[in-house]
Structures are given as C-alpha cells and as structure tokens.
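Before any comments, here is the structure.
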Amino acid sequence: MADLVLEVRNVDKIFGEGETAVYALKNVSFSVKKGKFILIVGSSGSGKSTLLNMIGLLDRPTNGQVFIDGIDPSNLNDNQISSFRNSKLGFIFQFSNLLSDLTVLENVLLPRQIQGTDTNAIEEAKSLLKTVGLENQMNKYANKVSGGQAQRVAICRALINKPAIVLADEPTGNLDSVSAQTTVQLMKSLNKKLGHTFIIVTHDRPQFGDVDKIITIKDGRIVDDEMMEVPTVN
Amino acid sequence: MDYRAKVGLRFITRRKGSLIAASLAVSIAILVVQVNSVIFQGLYNAIIRDQINYRFGHVYITRNENFITKSDKMLVNWLERIPYVEAAAPRLESTASINATGSGQTVRDYDVPVIGVDPVLDTQASTMYTTVGNGQYVSSRNSIVLGALVARDLGNPHVGDSIKLKFKDRNGLDQLKRFTIVGITQTAGSVGLDNSVIMNIDTLREILGRPHETQSIMVRLNDPTKDQVVKDLFLNAFPTRSDNFKAQTIEESAEQTLSGFRSGIALINLVGYFGMMSSAFAVVTIQMMQVTSKTREIGIMRAIGSKRKDILMIFIFQGMVIGAIGAGLGTVFGVSYTVYAKETHLTFQGSLALEVSYNWLGILQTDILAFVLAIVASIYPAYKATKLQPVEAMRFG
C-alpha cells in the first residue's frame, strides 16, 4: 500500500437529478503505483475525462473516494484543494492550454509561483525546457510556438512542481502524427527519467505502445483493468 | 513582481483596446470634473477677485446702521500702519436722479447709485480706475465717471459732456449739480460699478451735507490670508460698544453674491461626480468583457492551483492599472486645460476672465476617487471570475 500513489474507491459520478440523472461513472475502483505509466482508454462519452477530473480534483465524485498519495482530499476546503492540486498534480490538456499572454518560460514557472516557492525555479524551468528541446523558445509568447512545442511546454509546466501524478487528457489529440509521437516518447522518457506517475486519457491506445497499465472504460464502468508486466531494470 | 500582478498586467496590457477604453473612461471623467472646477471655481474666484478690487477690498469696514463719523484720514492712517495692509480708501454712497436722453430729448428720470471716492487713496486700494476704458478716473471736484450701463441709458454721452444730477441732502432738500464726464467705466460681466456713477467723495459729502462722514472703508492687504487678523485688530482697537463699527472679510461682505454661486458649484460638481460614476460603469462593463474573454485562462490557473482570492487579486490589480493610467491621463488632460485657461485668461462671450488657480489638492482628491472607483468597479467582475469552476471554464472558455 505504501507505494500506491492513487486509489480510486467505488466512485460514482451522477449528473442531473431524479428521472434525468445520468451515471457518468459507476462504481469505479482501481489503484496506481508510484512511477507507473497508465492509460485510461475508452470511446468518446465513456466517462474517461470525467474520471480524470475526479482524480485531478477538478470535480467531486457523487459517491466514493479518491486517495492521492494516501490523502483523501474530500474533506479539504476550496483553498486547500487548490494548494493540493498545485503541489501533488500536474496537468496536460488536449489543447496545451498555455496562457497566451505569458512567455514559454513564464508559463512553465507559473505553478511554482502559485506555490510561492521561487527558489531555483528559473533554473529548474530552463532545465526542463532544455530537456524537451525548447531552450531557444523560452522567451517567446506561448501563442507564438507550434502546437507540438506548446504541448511540450505544457509537459514542463506539469512537471515543474514535481507532482505525485501527471494527468494528461488527450495530450496528442490536437497534434499531427509526428508531433504526437514525439510527445508520447517525451512523456515516456520523462516517466522513466524522473519517476513521475503518468495517467493519460486517450482514445488512441496504439499510439502509446507499451505501458504499465491500461484501464478501459465503457459507459462509466471499468470493463478491463489490464496490468502489463513490463520488465524493469533492477 | 508578484505573479498575480504580472498576470493581471499582461491580461490587460495585451488587450490594448480594453485598456485604452477603460482608461479613457476614467480620464474623461476626471477631465469633466477638472473642467467644471476650472470654469466654475474660476468664475467664483473671479467674482471674489473683482469684488475685492472694485467694491469691498479684503476687509470692508462700515458702521452698523449709520455713517462712520470718525475722521477717514485717521482711520486710513491707523489701518495703513498694520504691516499686512497695502492701502485703505474711504467711500461714500448715495443715489441721485439722472435724466436719460435720446436724440436730445429727455427720455426718463431714474435713480442711479453714486459712489464717492478719494481720487488718490482709491487708486491705491482699488483697481476701479483701471476699468475706465474711455477718459480718466475721478480727479477734480466736479468730475464724474459714468458706469457703462448708465452711459448707455443716457444715450452714450462723450467724455467732456456735462451732466446734471439731482441729490437729496440729509435734510431731504433737492440739490442739483452739474458735472463734467471725465471717463466711462466698463467691467467684464458688469461686476464693477457699471450701473453707478463715481465722483469725488468730498463733493458728495458737501452735496449731502455730511462733511466728515464716510460710508465705508475698503482695505487692501498685501497678504490676503491675514484678513481675519486685520479685522480682529481693527475691532479690538475700535470696540463695537463705543464706535459700533462692523468689519467683514471678503467672504462675509460678498456673502450675498457668493452663496447662490456656491450652491451652483456644488450642483455642477455633483454632475461631474455622476460622470465619474458613469465611468465606473464603463469599467465594470469592460472588466466583465475581460473576464469573459479570459474564462479559459481562469480555468487553467484554477486547475494548476490558483485560489479564488488569487483570481480576485488579478482582476482587482487590473482595476488598479486602469485606475492609475486613467488618473494619470486625466490629470494630464485636466492640468493641460487648467494651464490653457490660466495662461489665456479664459473668458466666455465677454464675461469676466476666469481666476484660475492650480488646485492640486482637488486634483489629487479627484485622482484618488477615480482610482478607488476603478478598483471598486472591478470587484464585481473579479468576484464573477472567482466563481468560475475550472472544468467549465476550460471547456467553455
């Protein structure tokens, strides 16, 4: 249990009330160990993004619990949840969702500045940008870089606070095939290199190749929880 | 720089249209208040200035319900020994019947105010003599200066013409006397003695049978702020119980003229402040548009850990930027107009020249008010921004 970074227990998410109530998630349970690279797959409308929102504390489950790094955040107030998201979770969205009014470097620095711990932040941000090959783009405004580059910036932003889990919602959904493949390889290499847990929602399972675990969702239920036994060094 | 300030600054400065529109709304409101202040406070000050120069001086001395019987020379000498007093001059007032003529025919008889002045002292204590556009000021015993309105009613006589005035002396007897017109006085806005005639005070005393009496003494100061000091010094030296003197500062002596005007200024200022409220509504509208256009960014920031109060601060800071730029621009516009009005001695259609002064405290107060209003106007949009849920904001932004 000690190496579990995420535990989802009997989570339901119901939209609407009474006769119009719709189960977006029904009795979803699974767990993820630290440092794993996990895919949540399913067709459009299956509930995978809703599940990601529950894990990302962007929405609350109607029933059930989500434990992140051993903590149940359901009792936290709004400010505490914001701080928790900031320190424990990193987000990568489909459209990169950078702030277009900030530069690439400022976008990467933002979670750290929100946290209020600026020590060595600029060096760390530059180092991350160098890792993803954007050291020459860091002073450009975010809307002046390509889609693939923007997604790499979003990855750096997600990693700057060294989160327990990086959540990615269709991170390659808006990219051409070359950029998509580059992004996937980058996330996988960062997973290996830095040891962050990646949970990725996608409907394009083949693009990701070998991963640690695949959770398949259909109509709000987990229909397959496939653990891939990938040999690891040491 | 705090990240909230940086994000707020970028949000607003990268949308120049919104920034310019909101800042202009604030600055125009300040300009309206400033222009109102320049015109109406300038007019108010101009009236005070002319009342000081032409009628009352900085301190106006009379005697309750009676003529001053003490020697005017003694009183003037006493007053001029006070260091703050530049000059003092006696005046005597009465009325006379005068004939208005047209084409050589008498049109009507009417009464005009008559002011008796000391030809020497009056030019030191008053600037009335400077308003004689045609001819010269009162000099010899039988000379007279006509106000422009009187001259008009008389059919515009010329300097050098003679004129007869009929007085009633202290015993109620008619005294008819002929005078030579030596000048015609005209003041902008007719705030001087345009409806009166001015003559030698000794002549008037003689006609009225009041050889040593004076109606009033106008006192001109070299330091107008010392008017209350001079007034108190005078009343202490000549106690009311014995001499029954009355001394008034310009605010007191011109109160009747100024009180109505002050109400007008208050009303105009109110209109100006309503203009500022309108600018606040403009800021609310622009800030609401700003929040709407930044919905997605707000959602992202909330998702990566910004608290509601952080989002609130971003938009409040934007209000501060709008307020500061608007106040700065408004001050530049307002001060420029003030400089223009002061340097050109601005007048409107021949009215008296505005007495414009730099009211820095007033400008500062208006700026602070505009700045605070811009912040207050940003509170509601900022609050709305904090209510956005991250998921919905990113989905619909």
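In the structure tokens, chains take the letters A, B, ... in the order shown, each chain's residues start at 1, and ligands count up from 1 in the order shown.
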
Proximity of chain B to chain A: per-residue shortest pair, 10 Å limit, only C-alpha atoms, as a tab-separated table:
residue	atom	partner	partner_atom	distance
B:Asp2	CA	A:Gln113	CA	8.2
B:Tyr3	CA	A:Gln113	CA	6.3
B:Arg4	CA	A:Ile114	CA	8.5
B:Lys6	CA	A:Leu102	CA	9.0
B:Val7	CA	A:Leu102	CA	7.5
B:Gly8	CA	A:Asp101	CA	9.8
B:Leu9	CA	A:Asp101	CA	9.5
B:Arg10	CA	A:Asp101	CA	5.8
B:Phe11	CA	A:Asp101	CA	6.4
B:Ile12	CA	A:Asp101	CA	9.4
B:Thr13	CA	A:Asp101	CA	9.2
B:Arg14	CA	A:Asp101	CA	6.8
B:Arg15	CA	A:Asp101	CA	9.5
B:Lys294	CA	A:Leu99	CA	9.5
B:Arg296	CA	A:Asn97	CA	8.0
B:Glu297	CA	A:Leu99	CA	6.1
B:Ile298	CA	A:Leu99	CA	9.3
B:Gly299	CA	A:Asn97	CA	9.4
B:Ile300	CA	A:Asn97	CA	6.7
B:Met301	CA	A:Pro111	CA	8.4
B:Arg302	CA	A:Ser82	CA	7.1
B:Ala303	CA	A:Leu58	CA	6.7
B:Ile304	CA	A:Asn86	CA	5.3
B:Gly305	CA	A:Asn86	CA	4.2
B:Ser306	CA	A:Ile114	CA	6.1
B:Lys307	CA	A:Asn79	CA	5.6
B:Arg308	CA	A:Asn79	CA	7.5
B:Lys309	CA	A:Asn79	CA	8.8
B:Asp310	CA	A:Ile114	CA	8.7
B:Gln389	CA	A:Leu58	CA	8.0
B:Pro390	CA	A:Leu58	CA	6.4
B:Val391	CA	A:Leu58	CA	6.2
B:Glu392	CA	A:Leu58	CA	9.6
B:Met394	CA	A:Asn97	CA	8.3

Inset, instruction - To one decimal in Å, tell me the separation between CA of Ser37 (chain B) and CA of Arg262 (chain B). - result: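 Straight-line distance from CA of Ser37 (chain B) to CA of Arg262 (chain B) works out to 11.9 Å.
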
Using DSSP assignments from the backbone, pull out every residue in region 2-174 of chain B that falls under helix (DSSP H, G or I) and give it to me as a PyMOL selection string. chain B and resi 3-13+16-56+72-80+121-125+128-131+148-153

Checklist entry - Please, what distance in Å, to one decimal, runs between CA of Arg205 (chain A) and CA of Val104 (chain A)? => result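 Computing the Euclidean distance for CA of Arg205 (chain A) and CA of Val104 (chain A) yields 29.4 Å.
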